[in-house]
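A short worksheet on the structure shown next.
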Amino acid sequence: MRLPQQPDPIALDAFLRARSAADPQAFADLSLKIVKMLGPGEYVAAAPGSSGLGHFGLAVNDYAHSTAPNRRFPDLVTQRLLKAALAGDEPPYALATLDAIARHCTLQEDNANRVERQVLKAAAAFLLRPRMGQRFDAIVTGAAAKGTFVRIASPMVEGRLVRGAEGLDLGDALAVRLVDVDGERGYIDFERA
């Protein structure tokens, strides 16, 4: 099964279901890679009657996200809009204000996610420090100009492959050895074993 050239959430869903059934063991890595490729979501204000961007992954146009602890202000804005609509009142925000709120909320969520990732990387580095030189089974999770990255399963952490990355592709399984960690910077470095 191949995906169409243009983004299509229904086709993506069918593709993922087919891959999950065909290879359940590799599905977690595939779905994680697709989520990374889709990138982070963003808050967007849509004028009444416009088609809007909706939610690609859910394949819906009319969508509002609520109830997550990191979304309290967006929840408040949505609740104020709903309250005004149910009461037949004018919206409490102009579209330009909603656009500014959406940009601000996206920026703040991105900042919070960045800090969370850094804390998790630092914790993983400290956790692995006593295991320097140890061999792990790994899978290639990323290959870009900044390096090749691998994930080990126990504990499930990702690090950079600093030596022996030649000829590897996304999804390749390999043995790695832990060669360096830096808890303060959240770096975990492996070499091919």
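The chains in the structure tokens are called A, B, ... from first to last as shown; in each chain the residues are counted from 1, and the ligands are counted from 1 in the order shown.
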
How close does range 6-55 of chain A get to range 128-143 of chain A? List, as a Markdown table, each residue of range 6-55 of chain A within 9 Å, its nearest atom pair and the distance in Å to one decimal, counting only C-alpha atoms.
| residue | atom | partner | partner_atom | distance |
| --- | --- | --- | --- | --- |
| A:Asp29 | CA | A:Thr141 | CA | 7.6 |
| A:Leu32 | CA | A:Thr141 | CA | 8.9 |
| A:Lys33 | CA | A:Thr141 | CA | 7.5 |

Those same residues, written as a PDB file, in the first residue's frame with all heavy atoms?
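So selection36.pdb came out as:
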ATOM      1  N   ASP A  29       7.700   1.643  15.967  1.00  0.00           N
ATOM      2  CA  ASP A  29       8.731   2.510  15.393  1.00  0.00           C
ATOM      3  C   ASP A  29       8.198   3.292  14.198  1.00  0.00           C
ATOM      4  O   ASP A  29       8.490   4.481  14.049  1.00  0.00           O
ATOM      5  CB  ASP A  29       9.947   1.683  14.979  1.00  0.00           C
ATOM      6  CG  ASP A  29      10.678   1.130  16.193  1.00  0.00           C
ATOM      7  OD1 ASP A  29      10.860   1.882  17.171  1.00  0.00           O
ATOM      8  OD2 ASP A  29      11.046  -0.046  16.166  1.00  0.00           O
ATOM      9  N   LEU A  32       5.801   6.062  15.489  1.00  0.00           N
ATOM     10  CA  LEU A  32       6.575   7.141  16.113  1.00  0.00           C
ATOM     11  C   LEU A  32       7.225   8.022  15.052  1.00  0.00           C
ATOM     12  O   LEU A  32       7.206   9.258  15.147  1.00  0.00           O
ATOM     13  CB  LEU A  32       7.630   6.562  17.046  1.00  0.00           C
ATOM     14  CG  LEU A  32       8.546   7.583  17.719  1.00  0.00           C
ATOM     15  CD1 LEU A  32       7.748   8.530  18.607  1.00  0.00           C
ATOM     16  CD2 LEU A  32       9.618   6.875  18.522  1.00  0.00           C
ATOM     17  N   LYS A  33       7.781   7.418  14.027  1.00  0.00           N
ATOM     18  CA  LYS A  33       8.425   8.190  12.957  1.00  0.00           C
ATOM     19  C   LYS A  33       7.402   9.066  12.233  1.00  0.00           C
ATOM     20  O   LYS A  33       7.679  10.229  11.926  1.00  0.00           O
ATOM     21  CB  LYS A  33       9.131   7.250  11.975  1.00  0.00           C
ATOM     22  CG  LYS A  33       9.933   7.988  10.929  1.00  0.00           C
ATOM     23  CD  LYS A  33      11.018   8.819  11.571  1.00  0.00           C
ATOM     24  CE  LYS A  33      11.792   9.602  10.546  1.00  0.00           C
ATOM     25  NZ  LYS A  33      12.735  10.531  11.156  1.00  0.00           N
TER      26      LYS A  33
END

#### Entry: Contact residues around range 162-172 of chain A with only C-alpha atoms at 12 Å, ignoring same-chain residues under 6 positions, as a ChimeraX atom specification
/A:25-33,137-144,146-151,178-181,187-193

### Query
Taking the backbone alone, and naming residues the way the document does, which bits of chain A are helix (DSSP H, G or I) by DSSP, as an NGL selection string?
:A and (9-22 or 24-38 or 69-87 or 95-131)

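Take CA of Tyr93 in chain A and CA of Arg80 in chain A: the distance between them is 9.0 Å.
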
### Query
Suppose you want the space between CA of Arg103 in chain A and CA of Gln79 in chain A; what is it in Å?
18.2 Å

Might you pull out every residue within 12 Å of Gly54 in chain A, with only C-alpha atoms counted and same-chain residues fewer than 3 positions away left off, and present them as a JSON list (two decimals) with C-alpha atoms, in the first residue's frame?
[["chain", "number", "residue", "atom", "x", "y", "z"],
["A", 9, "PRO", "CA", -5.60, 11.73, 6.66],
["A", 41, "GLY", "CA", 0.38, 20.69, 16.36],
["A", 42, "GLU", "CA", -0.46, 24.33, 16.58],
["A", 43, "TYR", "CA", -3.39, 26.36, 17.74],
["A", 44, "VAL", "CA", -5.26, 28.07, 14.91],
["A", 45, "ALA", "CA", -8.29, 30.35, 15.02],
["A", 46, "ALA", "CA", -10.87, 29.86, 12.27],
["A", 50, "SER", "CA", -14.58, 28.84, 7.16],
["A", 51, "SER", "CA", -13.30, 25.35, 6.54],
["A", 57, "GLY", "CA", -4.49, 13.05, 12.42],
["A", 58, "LEU", "CA", -8.15, 12.71, 13.38],
["A", 59, "ALA", "CA", -9.36, 13.66, 9.89],
["A", 60, "VAL", "CA", -11.88, 16.20, 11.20],
["A", 61, "ASN", "CA", -12.41, 19.85, 10.30],
["A", 62, "ASP", "CA", -14.41, 21.09, 13.29],
["A", 63, "TYR", "CA", -12.09, 20.49, 16.20],
["A", 64, "ALA", "CA", -11.22, 22.03, 19.55],
["A", 65, "HIS", "CA", -8.77, 20.41, 21.96]]

### Query
Given the choices A:Pro92, A:Gly159, A:Pro48, A:Gly39, which gets closest to Thr78 in chain A if the distance is worked out from only C-alpha atoms?
A:Pro92

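The gap separating CA of Cys105 in chain A from CA of Pro74 in chain A is 7.0 Å, in Å to one decimal.
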
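Within range 57-165 of chain A, the backbone-based DSSP assignment of strand (DSSP E) covers Arg135, Phe136, Asp137, Ala138, Ile139, Val140, Thr141, Gly142, Ala143, Ala144, Gly147, Thr148, Phe149, Val150, Arg151, Ile152, Ala153, Met156, Val157, Glu158, Gly159, Arg160, Leu161, Val162 and Arg163 of chain A.
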